[in-house]
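Novice: My structure is in upload_12.txt, and what it holds is compact mmCIF, C-alpha atoms and all ligand atoms:
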```txt
# COMPACT_ATOMS: atom_id res chain seq x y z
CA MET A 1 0.00 0.00 0.00
CA LYS A 2 1.10 3.53 -0.76
CA ALA A 3 0.49 6.74 1.16
CA CYS A 4 -1.98 9.14 -0.49
CA PRO A 5 0.01 11.93 -2.21
CA GLY A 6 -2.64 14.49 -1.24
CA THR A 7 -2.72 17.19 1.42
CA CYS A 8 -4.26 14.72 3.91
CA ASN A 9 -0.72 13.46 4.50
CA ASN A 10 1.06 16.83 4.86
CA ALA A 11 1.57 16.45 8.60
CA TRP A 12 2.58 12.81 8.25
CA ARG A 13 5.15 13.62 5.53
CA LEU A 14 6.68 16.38 7.67
CA ALA A 15 6.90 14.07 10.67
CA GLU A 16 8.41 11.29 8.54
CA ALA A 17 11.07 13.66 7.17
CA GLN A 18 11.85 14.80 10.70
CA GLN A 19 12.15 11.20 11.86
CA ALA A 20 14.52 10.46 8.97
CA THR A 21 16.83 13.34 9.89
CA ASP A 22 17.00 13.16 13.68
CA ASP A 23 15.10 10.07 14.75
CA THR A 24 12.21 12.08 16.24
CA ARG A 25 9.48 9.50 16.64
CA HIS A 26 5.91 10.47 15.85
CA ASP A 27 2.47 8.92 16.08
CA ILE A 28 0.77 10.77 13.20
CA PRO A 29 -1.28 8.21 11.28
CA VAL A 30 -0.78 7.84 7.53
CA THR A 31 -3.70 7.92 5.10
CA TRP A 32 -3.37 5.12 2.57
CA GLY A 33 -4.21 5.57 -1.09
CA GLN A 34 -6.99 3.44 -2.55
CA PRO A 35 -5.01 2.66 -4.61
CA VAL A 36 -3.29 6.04 -5.19
CA HIS A 37 -5.45 8.84 -3.74
CA CYS A 38 -7.54 8.31 -0.63
CA PRO A 39 -11.35 8.59 -0.93
CA ARG A 40 -11.40 12.03 0.69
CA CYS A 41 -8.81 13.51 -1.69
CA THR A 42 -10.61 11.88 -4.64
CA HIS A 43 -13.92 13.34 -3.49
CA ARG A 44 -12.36 16.78 -3.03
CA ALA A 45 -10.92 16.73 -6.57
CA HIS A 46 -14.41 15.94 -7.96
CA THR A 47 -16.05 18.71 -5.92
CA GLN A 48 -13.43 21.33 -6.81
CA LEU A 49 -13.56 20.44 -10.51
CA ALA A 50 -17.36 20.75 -10.48
CA GLU A 51 -17.10 24.20 -8.86
CA LEU A 52 -14.58 25.60 -11.38
CA PRO A 53 -17.02 26.72 -14.14
CA GLU A 54 -18.95 28.90 -11.68
CA LEU A 55 -15.72 30.30 -10.22
CA ILE A 56 -14.47 31.20 -13.70
CA VAL A 57 -17.69 33.15 -14.29
CA ALA A 58 -17.19 34.86 -10.92
CA ILE A 59 -13.67 35.92 -11.97
CA GLY A 60 -15.18 37.55 -15.08
CA LEU A 61 -17.73 39.40 -12.93
CA GLU A 62 -14.93 40.63 -10.71
CA ALA A 63 -13.44 42.30 -13.80
CA LEU A 64 -16.73 44.08 -14.51
CA HIS A 65 -17.50 45.15 -10.97
CA GLY A 66 -14.03 45.51 -9.47
CA THR A 67 -12.33 48.82 -8.85
CA ALA A 68 -12.72 50.86 -12.05
CA PRO A 69 -9.85 53.03 -13.26
CA LYS A 70 -10.45 56.61 -12.22
CA ASN A 71 -10.25 59.26 -14.90
CA THR A 72 -11.36 62.24 -12.90
CA GLY A 73 -9.73 64.35 -10.24
CA THR A 74 -6.05 64.61 -9.51
CA ILE A 75 -5.55 60.87 -9.56
CA GLY A 76 -6.46 60.87 -13.27
CA ARG A 77 -3.08 62.34 -14.07
CA VAL A 78 -1.31 59.33 -12.66
CA HIS A 79 -1.05 56.40 -15.02
CA ILE A 80 -3.52 53.78 -13.82
CA PRO A 81 -4.14 50.83 -16.12
CA ALA A 82 -7.38 48.86 -15.89
CA TRP A 83 -5.88 46.53 -13.29
CA PRO A 84 -8.94 44.57 -12.20
CA GLY A 85 -9.86 43.60 -15.77
CA GLN A 86 -6.31 42.68 -16.63
CA ALA A 87 -5.87 40.55 -13.54
CA ALA A 88 -9.16 38.75 -14.21
CA ARG A 89 -8.14 38.05 -17.81
CA MET A 90 -4.82 36.59 -16.73
CA MET A 91 -6.42 34.46 -14.04
CA THR A 92 -9.06 33.17 -16.49
CA ASP A 93 -6.46 32.38 -19.16
CA HIS A 94 -4.38 30.54 -16.60
CA ILE A 95 -7.24 28.32 -15.39
CA VAL A 96 -8.96 27.73 -18.73
CA GLY A 97 -5.62 27.11 -20.42
CA GLY A 98 -4.74 24.59 -17.72
CA LEU A 99 -8.07 22.77 -18.03
CA LEU A 100 -7.75 22.45 -21.81
CA GLU A 101 -4.13 21.34 -21.51
CA LEU A 102 -5.08 18.64 -19.00
CA GLU A 103 -7.90 17.48 -21.30
CA ASP A 104 -5.50 17.29 -24.30
CA ASP A 105 -2.95 15.48 -22.15
CA ILE A 106 -5.45 12.81 -21.04
CA ARG A 107 -6.83 12.39 -24.57
CA GLU A 108 -3.32 11.70 -25.78
CA LEU A 109 -2.44 9.34 -22.92
CA ARG A 110 -5.64 7.36 -23.44
CA SER A 111 -5.36 7.40 -27.26
CA LEU A 112 -8.65 9.23 -27.64
CA ASN A 113 -9.66 11.54 -30.47
CA ALA A 114 -8.18 15.01 -30.25
CA ARG A 115 -10.40 17.75 -28.87
CA THR A 116 -12.60 19.02 -31.68
CA GLY A 117 -13.49 22.59 -32.49
CA HIS A 118 -12.53 25.74 -30.75
CA GLY A 119 -15.78 27.09 -29.43
CA SER A 120 -16.37 30.05 -27.18
CA GLU A 121 -14.48 30.12 -23.91
CA GLY A 122 -17.60 29.19 -21.96
CA ARG A 123 -18.33 26.24 -24.21
CA ASN A 124 -14.72 25.04 -23.99
CA VAL A 125 -14.80 25.20 -20.20
CA THR A 126 -18.07 23.27 -20.02
CA ALA A 127 -16.76 20.61 -22.41
CA ALA A 128 -13.39 20.33 -20.63
CA VAL A 129 -14.99 19.99 -17.18
CA ARG A 130 -17.42 17.37 -18.50
CA PHE A 131 -14.55 15.41 -20.08
CA LEU A 132 -12.31 15.71 -17.01
CA THR A 133 -15.14 14.64 -14.68
CA ALA A 134 -15.63 11.49 -16.72
CA HIS A 135 -11.91 10.72 -16.70
CA LEU A 136 -11.00 11.97 -13.23
CA ASP A 137 -10.95 8.59 -11.48
CA TRP A 138 -8.56 7.36 -14.18
CA ALA A 139 -6.46 10.53 -13.89
CA LEU A 140 -6.13 10.16 -10.10
CA THR A 141 -4.88 6.59 -10.40
CA GLU A 142 -3.37 5.98 -13.85
CA HIS A 143 -2.02 9.38 -14.94
CA PRO A 144 1.83 9.31 -14.91
CA ALA A 145 1.82 12.13 -12.32
CA ALA A 146 -0.99 10.70 -10.16
CA GLY A 147 1.45 9.64 -7.44
CA GLU A 148 3.27 12.99 -7.22
CA ILE A 149 3.05 14.74 -3.87
CA HIS A 150 0.61 17.64 -4.15
CA ASP A 151 2.17 21.07 -4.37
CA ARG A 152 1.66 24.17 -6.44
CA LEU A 153 4.02 23.03 -9.19
CA SER A 154 3.00 19.37 -9.33
CA ALA A 155 1.61 17.91 -12.56
CA ASN A 156 -0.64 15.66 -10.46
CA PRO A 157 -4.14 16.29 -11.90
CA ALA A 158 -5.66 16.50 -8.40
CA ALA A 159 -3.02 19.03 -7.29
CA GLN A 160 -3.58 21.12 -10.44
CA ILE A 161 -7.33 21.22 -9.82
CA THR A 162 -6.75 22.28 -6.19
CA THR A 163 -4.33 25.02 -7.28
CA TRP A 164 -6.81 26.46 -9.81
CA HIS A 165 -9.68 26.21 -7.34
CA ARG A 166 -7.72 27.95 -4.61
CA ALA A 167 -6.46 30.70 -6.92
CA ALA A 168 -10.02 31.33 -8.18
CA GLN A 169 -11.45 31.38 -4.68
CA ARG A 170 -8.86 33.81 -3.48
CA PHE A 171 -9.25 35.99 -6.55
CA THR A 172 -12.99 36.25 -6.05
CA ARG A 173 -12.35 36.90 -2.33
CA ARG A 174 -14.36 33.91 -1.21
CA ASP A 175 -11.49 33.11 1.06
CA ALA A 176 -12.75 35.10 4.04
CA ARG A 177 -9.41 35.00 5.81
CA LEU A 178 -7.77 37.18 3.17
CA GLU A 179 -7.08 40.84 3.52
CA HIS A 180 -6.87 42.65 0.18
CA HIS A 181 -4.20 45.34 0.04
CA ARG A 182 -5.55 47.83 -2.48
CA VAL A 183 -2.20 49.04 -3.72
CA PRO A 184 -0.69 47.85 -7.04
CA CYS A 185 1.97 45.17 -6.81
CA PRO A 186 5.45 46.71 -7.21
CA ARG A 187 6.39 44.09 -9.77
CA CYS A 188 3.32 43.38 -11.95
CA GLU A 189 1.30 46.52 -11.06
CA LEU A 190 -1.94 44.59 -10.66
CA LEU A 191 -4.22 45.04 -7.65
CA THR A 192 -3.47 41.55 -6.47
CA LEU A 193 -1.69 41.99 -3.14
CA TYR A 194 -3.19 39.93 -0.33
CA ARG A 195 -2.26 38.96 3.16
CA ALA A 196 -3.70 35.76 4.55
CA ASP A 197 -4.68 35.55 8.18
CA GLY A 198 -1.67 34.39 10.13
CA ASP A 199 0.81 34.95 7.28
CA ASP A 200 3.74 37.20 8.10
CA TYR A 201 4.13 38.36 4.50
CA ILE A 202 2.01 39.95 1.76
CA GLU A 203 1.67 37.88 -1.39
CA CYS A 204 0.84 38.86 -4.97
CA ARG A 205 -1.91 36.51 -6.16
CA ASN A 206 -1.24 37.17 -9.82
CA ILE A 207 -0.36 33.64 -10.85
CA ASN A 208 2.40 34.96 -13.14
CA CYS A 209 4.02 37.09 -10.45
CA GLN A 210 3.56 35.69 -6.91
CA LEU A 211 5.87 38.28 -5.37
CA LEU A 212 6.30 38.09 -1.59
CA LEU A 213 6.70 41.25 0.48
CA THR A 214 7.51 41.64 4.14
CA PRO A 215 5.36 44.19 6.01
CA GLY A 216 8.41 46.50 5.99
CA GLU A 217 8.85 46.23 2.23
CA TYR A 218 5.13 46.77 1.73
CA HIS A 219 5.30 49.89 3.89
CA ASP A 220 8.25 51.28 1.87
CA HIS A 221 6.40 50.51 -1.36
CA THR A 222 3.22 52.38 -0.33
CA HIS A 223 5.38 55.27 0.86
CA GLN A 224 7.10 55.45 -2.51
CA LEU A 225 3.76 55.31 -4.34
CA ALA A 226 2.42 58.13 -2.21
CA GLY A 227 5.54 60.17 -3.08
CA GLU A 228 5.07 59.51 -6.79
CA HIS A 229 1.44 60.48 -6.50
CA ARG A 230 2.35 63.82 -4.88
CA MET A 231 4.91 64.45 -7.62
CA ALA A 232 2.33 63.76 -10.30
CA THR A 233 -0.24 66.12 -8.84
CA VAL A 234 1.89 69.26 -8.37
ZN ZN B 1 -5.63 11.85 0.65
ZN ZN B 2 2.56 41.01 -8.67
```
Can the structure in the file be given as structure tokens, please?
Ligand SMILES: [Zn+2]
Ligand SMILES: [Zn+2]
Specialist:
Amino acid sequence: MKACPGTCNNAWRLAEAQQATDDTRHDIPVTWGQPVHCPRCTHRAHTQLAELPELIVAIGLEALHGTAPKNTGTIGRVHIPAWPGQAARMMTDHIVGGLLELEDDIRELRSLNARTGHGSEGRNVTAAVRFLTAHLDWALTEHPAAGEIHDRLSANPAAQITTWHRAAQRFTRRDARLEHHRVPCPRCELLTLYRADGDDYIECRNINCQLLLTPGEYHDHTHQLAGEHRMATV
């Protein structure tokens, strides 16, 4: 029997690594895969996949109803791109692109016909989620990456689904423990700086940036922005 590669075994894996380095014994129970992922991790992958289409729509709505660029008043003289829309587009492209890539990957691995037609984004998402739902049990056991430990960079289909789901949830602020810092990221300039409850750093949630700032760095950055703003308004 093999340990489930999912997050259910995070604590167990840490304790095992600790035991391997300095003989610290632990009594954290392992969750076995059946045969690869455990039933809970399998169930979670199904639920998260099923929730993705609605979350993708919510990301689009965020672009429409998020903070609009201001063109009036003194702030209008400072260059402000349409950050919310841009960030939503990038997040959508990232998730939809990933879903279609995973579908193509599984079609190839299972010697199925290639994906036909390039419909609208909505239609592609619906078709990809339907296909992936039908093939998810296979993907969580037979996919070459099915046994990879879940992390943000893993090709494990279950880990990828979790990463997209989490990113979408955070983007649409359904993660209640997140504090949104409404100042553009110093690197990508999108309004995607967040601090999670209990985190000692501020993180850019733009999937292509993911900059980390300490509170001190964040403070310096806002100070500098305020200075630039004053310069631009004199
Ligand atoms: Zn598990
Ligand atoms: Zn950024």
Novice: Give me, as a list in words, the set of residues whose atoms come within 10 Å of any atom of ligand ZN 2 (chain B), counting all atoms listed in the file.
Specialist: Ala87, Pro184, Cys185, Pro186, Arg187, Cys188, Glu189, Leu190, Leu191, Thr192, Leu193, Glu203, Cys204, Arg205, Asn206, Ile207, Asn208, Cys209, Gln210, Leu211 and Leu212 of chain A
Novice: Do you know which residues are at most 12 Å from region 111-120 of chain A counting all atoms listed in the file, after dropping those on the same chain fewer than 4 positions away, and could you put them as a PyMOL selection string?
Specialist: chain A and resi 96+100-107+124-128+131+135
Novice: Name the closest residue to Pro39 (chain A) among the candidates A:Cys8, A:Ile59, A:Ala15, A:Leu52; distances are taken between atoms, counting only C-alpha atoms.
Specialist: A:Cys8
Novice: Would you name the residues within 10 Å of ligand ZN 1 (chain B), counting all atoms listed in the file, and put them as a PDB file with C-alpha atoms, in the coordinates of the input?
Specialist:
```pdb
ATOM      1  CA  ALA A   3       0.490   6.740   1.160  1.00  0.00           C
ATOM      2  CA  CYS A   4      -1.980   9.140  -0.490  1.00  0.00           C
ATOM      3  CA  PRO A   5       0.010  11.930  -2.210  1.00  0.00           C
ATOM      4  CA  GLY A   6      -2.640  14.490  -1.240  1.00  0.00           C
ATOM      5  CA  THR A   7      -2.720  17.190   1.420  1.00  0.00           C
ATOM      6  CA  CYS A   8      -4.260  14.720   3.910  1.00  0.00           C
ATOM      7  CA  ASN A   9      -0.720  13.460   4.500  1.00  0.00           C
ATOM      8  CA  ASN A  10       1.060  16.830   4.860  1.00  0.00           C
ATOM      9  CA  VAL A  30      -0.780   7.840   7.530  1.00  0.00           C
ATOM     10  CA  THR A  31      -3.700   7.920   5.100  1.00  0.00           C
ATOM     11  CA  TRP A  32      -3.370   5.120   2.570  1.00  0.00           C
ATOM     12  CA  GLY A  33      -4.210   5.570  -1.090  1.00  0.00           C
ATOM     13  CA  GLN A  34      -6.990   3.440  -2.550  1.00  0.00           C
ATOM     14  CA  VAL A  36      -3.290   6.040  -5.190  1.00  0.00           C
ATOM     15  CA  HIS A  37      -5.450   8.840  -3.740  1.00  0.00           C
ATOM     16  CA  CYS A  38      -7.540   8.310  -0.630  1.00  0.00           C
ATOM     17  CA  PRO A  39     -11.350   8.590  -0.930  1.00  0.00           C
ATOM     18  CA  ARG A  40     -11.400  12.030   0.690  1.00  0.00           C
ATOM     19  CA  CYS A  41      -8.810  13.510  -1.690  1.00  0.00           C
ATOM     20  CA  THR A  42     -10.610  11.880  -4.640  1.00  0.00           C
ATOM     21  CA  HIS A  43     -13.920  13.340  -3.490  1.00  0.00           C
ATOM     22  CA  ARG A  44     -12.360  16.780  -3.030  1.00  0.00           C
ATOM     23  CA  HIS A 150       0.610  17.640  -4.150  1.00  0.00           C
TER      24      HIS A 150
END
```
Novice: Do you know which residues are at most 10 Å from Glu142 (chain A) counting all atoms listed in the file, after dropping those on the same chain fewer than 6 positions away, and could you put them as a CSV table (one decimal) with C-alpha atoms, in the frame of the given file?
Specialist:
```
chain,number,residue,atom,x,y,z
A,35,PRO,CA,-5.0,2.7,-4.6
A,36,VAL,CA,-3.3,6.0,-5.2
A,109,LEU,CA,-2.4,9.3,-22.9
A,110,ARG,CA,-5.6,7.4,-23.4
A,136,LEU,CA,-11.0,12.0,-13.2
```
Novice: How far is it from CA of Arg195 (chain A) to CA of Asp220 (chain A), in Å with one decimal?
Specialist: 16.2 Å
Novice: Between CA of Glu54 (chain A) and CA of Tyr201 (chain A), what is the distance in Å, rounded to a tenth?
Specialist: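 Answer for the CA of Glu54 (chain A) to CA of Tyr201 (chain A) separation: 29.7 Å.
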Novice: For a quick check of understanding, using all atoms listed in the file, which of A:Gly122, A:Gly98, A:Gly85, A:Pro157 has the smallest distance to Pro53 (chain A)?
Specialist: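 Closest residue, counting all atoms listed in the file: A:Gly122.
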Novice: Which distance in Å separates CA of Ala11 (chain A) and CA of Pro29 (chain A), to one decimal?
Specialist: 9.1 Å
Novice: In terms of the shortest atom-to-atom distance over all atoms listed in the file, which of A:His223, A:His46, A:Asp27, A:Ala20 is closest to Leu140 (chain A)?
Specialist: A:His46
Novice: Please list as a list in words every residue within 8 Å of Thr214 (chain A), counting all atoms listed in the file and excluding residues in the same chain fewer than 4 positions away.
Specialist: Asp200, Tyr201, Ile202 and Tyr218 of chain A
Novice: Just write the chosen residues, C-alpha atoms, as a compact mmCIF listing (two decimals), in the coordinates of the input.
Specialist:
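out_28.txt was written with the following content:
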```txt
# COMPACT_ATOMS: atom_id res chain seq x y z
CA ASP A 200 3.74 37.20 8.10
CA TYR A 201 4.13 38.36 4.50
CA ILE A 202 2.01 39.95 1.76
CA TYR A 218 5.13 46.77 1.73
```
Novice: Compare A:Thr162, A:Thr222, A:Asn156, A:Thr24 by their minimum atom-to-atom distance to His181 (chain A), counting only C-alpha atoms, and give me the closest one.
Specialist: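 Result for the nearest residue to His181 (chain A): A:Thr222.
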Novice: Write region 40-66 of chain A as a PDB file, in the coordinates of the input, completed to N, CA and C atoms.
Specialist:
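part.pdb was written with the following content:
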```pdb
ATOM      1  N   ARG A  40     -11.131  10.614   0.418  1.00  0.00           N
ATOM      2  CA  ARG A  40     -11.400  12.030   0.690  1.00  0.00           C
ATOM      3  C   ARG A  40     -10.769  12.942  -0.344  1.00  0.00           C
ATOM      4  N   CYS A  41      -9.499  12.673  -0.699  1.00  0.00           N
ATOM      5  CA  CYS A  41      -8.810  13.510  -1.690  1.00  0.00           C
ATOM      6  C   CYS A  41      -9.456  13.342  -3.075  1.00  0.00           C
ATOM      7  N   THR A  42      -9.914  12.126  -3.373  1.00  0.00           N
ATOM      8  CA  THR A  42     -10.610  11.880  -4.640  1.00  0.00           C
ATOM      9  C   THR A  42     -11.912  12.679  -4.672  1.00  0.00           C
ATOM     10  N   HIS A  43     -12.646  12.621  -3.578  1.00  0.00           N
ATOM     11  CA  HIS A  43     -13.920  13.340  -3.490  1.00  0.00           C
ATOM     12  C   HIS A  43     -13.695  14.847  -3.633  1.00  0.00           C
ATOM     13  N   ARG A  44     -12.647  15.349  -2.965  1.00  0.00           N
ATOM     14  CA  ARG A  44     -12.360  16.780  -3.030  1.00  0.00           C
ATOM     15  C   ARG A  44     -12.048  17.209  -4.469  1.00  0.00           C
ATOM     16  N   ALA A  45     -11.263  16.392  -5.185  1.00  0.00           N
ATOM     17  CA  ALA A  45     -10.920  16.730  -6.570  1.00  0.00           C
ATOM     18  C   ALA A  45     -12.195  16.843  -7.421  1.00  0.00           C
ATOM     19  N   HIS A  46     -13.132  15.898  -7.213  1.00  0.00           N
ATOM     20  CA  HIS A  46     -14.410  15.940  -7.960  1.00  0.00           C
ATOM     21  C   HIS A  46     -15.192  17.215  -7.628  1.00  0.00           C
ATOM     22  N   THR A  47     -15.278  17.534  -6.344  1.00  0.00           N
ATOM     23  CA  THR A  47     -16.050  18.710  -5.920  1.00  0.00           C
ATOM     24  C   THR A  47     -15.428  19.992  -6.482  1.00  0.00           C
ATOM     25  N   GLN A  48     -14.103  20.108  -6.346  1.00  0.00           N
ATOM     26  CA  GLN A  48     -13.430  21.330  -6.810  1.00  0.00           C
ATOM     27  C   GLN A  48     -13.544  21.486  -8.320  1.00  0.00           C
ATOM     28  N   LEU A  49     -13.417  20.377  -9.043  1.00  0.00           N
ATOM     29  CA  LEU A  49     -13.560  20.440 -10.510  1.00  0.00           C
ATOM     30  C   LEU A  49     -14.964  20.911 -10.876  1.00  0.00           C
ATOM     31  N   ALA A  50     -15.964  20.387 -10.186  1.00  0.00           N
ATOM     32  CA  ALA A  50     -17.360  20.750 -10.480  1.00  0.00           C
ATOM     33  C   ALA A  50     -17.623  22.220 -10.179  1.00  0.00           C
ATOM     34  N   GLU A  51     -16.867  22.799  -9.236  1.00  0.00           N
ATOM     35  CA  GLU A  51     -17.100  24.200  -8.860  1.00  0.00           C
ATOM     36  C   GLU A  51     -16.362  25.189  -9.768  1.00  0.00           C
ATOM     37  N   LEU A  52     -15.407  24.687 -10.571  1.00  0.00           N
ATOM     38  CA  LEU A  52     -14.580  25.600 -11.380  1.00  0.00           C
ATOM     39  C   LEU A  52     -15.363  26.445 -12.388  1.00  0.00           C
ATOM     40  N   PRO A  53     -16.324  25.878 -13.151  1.00  0.00           N
ATOM     41  CA  PRO A  53     -17.020  26.720 -14.140  1.00  0.00           C
ATOM     42  C   PRO A  53     -17.662  27.956 -13.499  1.00  0.00           C
ATOM     43  N   GLU A  54     -18.291  27.771 -12.344  1.00  0.00           N
ATOM     44  CA  GLU A  54     -18.950  28.900 -11.680  1.00  0.00           C
ATOM     45  C   GLU A  54     -17.907  29.905 -11.182  1.00  0.00           C
ATOM     46  N   LEU A  55     -16.783  29.402 -10.698  1.00  0.00           N
ATOM     47  CA  LEU A  55     -15.720  30.300 -10.220  1.00  0.00           C
ATOM     48  C   LEU A  55     -15.124  31.112 -11.369  1.00  0.00           C
ATOM     49  N   ILE A  56     -15.014  30.479 -12.544  1.00  0.00           N
ATOM     50  CA  ILE A  56     -14.470  31.200 -13.700  1.00  0.00           C
ATOM     51  C   ILE A  56     -15.409  32.339 -14.094  1.00  0.00           C
ATOM     52  N   VAL A  57     -16.712  32.087 -14.028  1.00  0.00           N
ATOM     53  CA  VAL A  57     -17.690  33.150 -14.290  1.00  0.00           C
ATOM     54  C   VAL A  57     -17.532  34.263 -13.253  1.00  0.00           C
ATOM     55  N   ALA A  58     -17.336  33.874 -12.001  1.00  0.00           N
ATOM     56  CA  ALA A  58     -17.190  34.860 -10.920  1.00  0.00           C
ATOM     57  C   ALA A  58     -15.948  35.730 -11.132  1.00  0.00           C
ATOM     58  N   ILE A  59     -14.889  35.145 -11.687  1.00  0.00           N
ATOM     59  CA  ILE A  59     -13.670  35.920 -11.970  1.00  0.00           C
ATOM     60  C   ILE A  59     -13.996  36.981 -13.027  1.00  0.00           C
ATOM     61  N   GLY A  60     -14.783  36.601 -14.035  1.00  0.00           N
ATOM     62  CA  GLY A  60     -15.180  37.550 -15.080  1.00  0.00           C
ATOM     63  C   GLY A  60     -16.008  38.690 -14.502  1.00  0.00           C
ATOM     64  N   LEU A  61     -16.890  38.368 -13.557  1.00  0.00           N
ATOM     65  CA  LEU A  61     -17.730  39.400 -12.930  1.00  0.00           C
ATOM     66  C   LEU A  61     -16.888  40.358 -12.107  1.00  0.00           C
ATOM     67  N   GLU A  62     -15.854  39.807 -11.502  1.00  0.00           N
ATOM     68  CA  GLU A  62     -14.930  40.630 -10.710  1.00  0.00           C
ATOM     69  C   GLU A  62     -14.324  41.718 -11.601  1.00  0.00           C
ATOM     70  N   ALA A  63     -14.032  41.341 -12.863  1.00  0.00           N
ATOM     71  CA  ALA A  63     -13.440  42.300 -13.800  1.00  0.00           C
ATOM     72  C   ALA A  63     -14.420  43.425 -14.093  1.00  0.00           C
ATOM     73  N   LEU A  64     -15.721  43.077 -14.181  1.00  0.00           N
ATOM     74  CA  LEU A  64     -16.730  44.080 -14.510  1.00  0.00           C
ATOM     75  C   LEU A  64     -17.040  44.989 -13.326  1.00  0.00           C
ATOM     76  N   HIS A  65     -17.045  44.398 -12.131  1.00  0.00           N
ATOM     77  CA  HIS A  65     -17.500  45.150 -10.970  1.00  0.00           C
ATOM     78  C   HIS A  65     -16.389  45.522  -9.993  1.00  0.00           C
ATOM     79  N   GLY A  66     -15.151  45.168 -10.342  1.00  0.00           N
ATOM     80  CA  GLY A  66     -14.030  45.510  -9.470  1.00  0.00           C
ATOM     81  C   GLY A  66     -13.754  46.997  -9.531  1.00  0.00           C
TER      82      GLY A  66
END
```
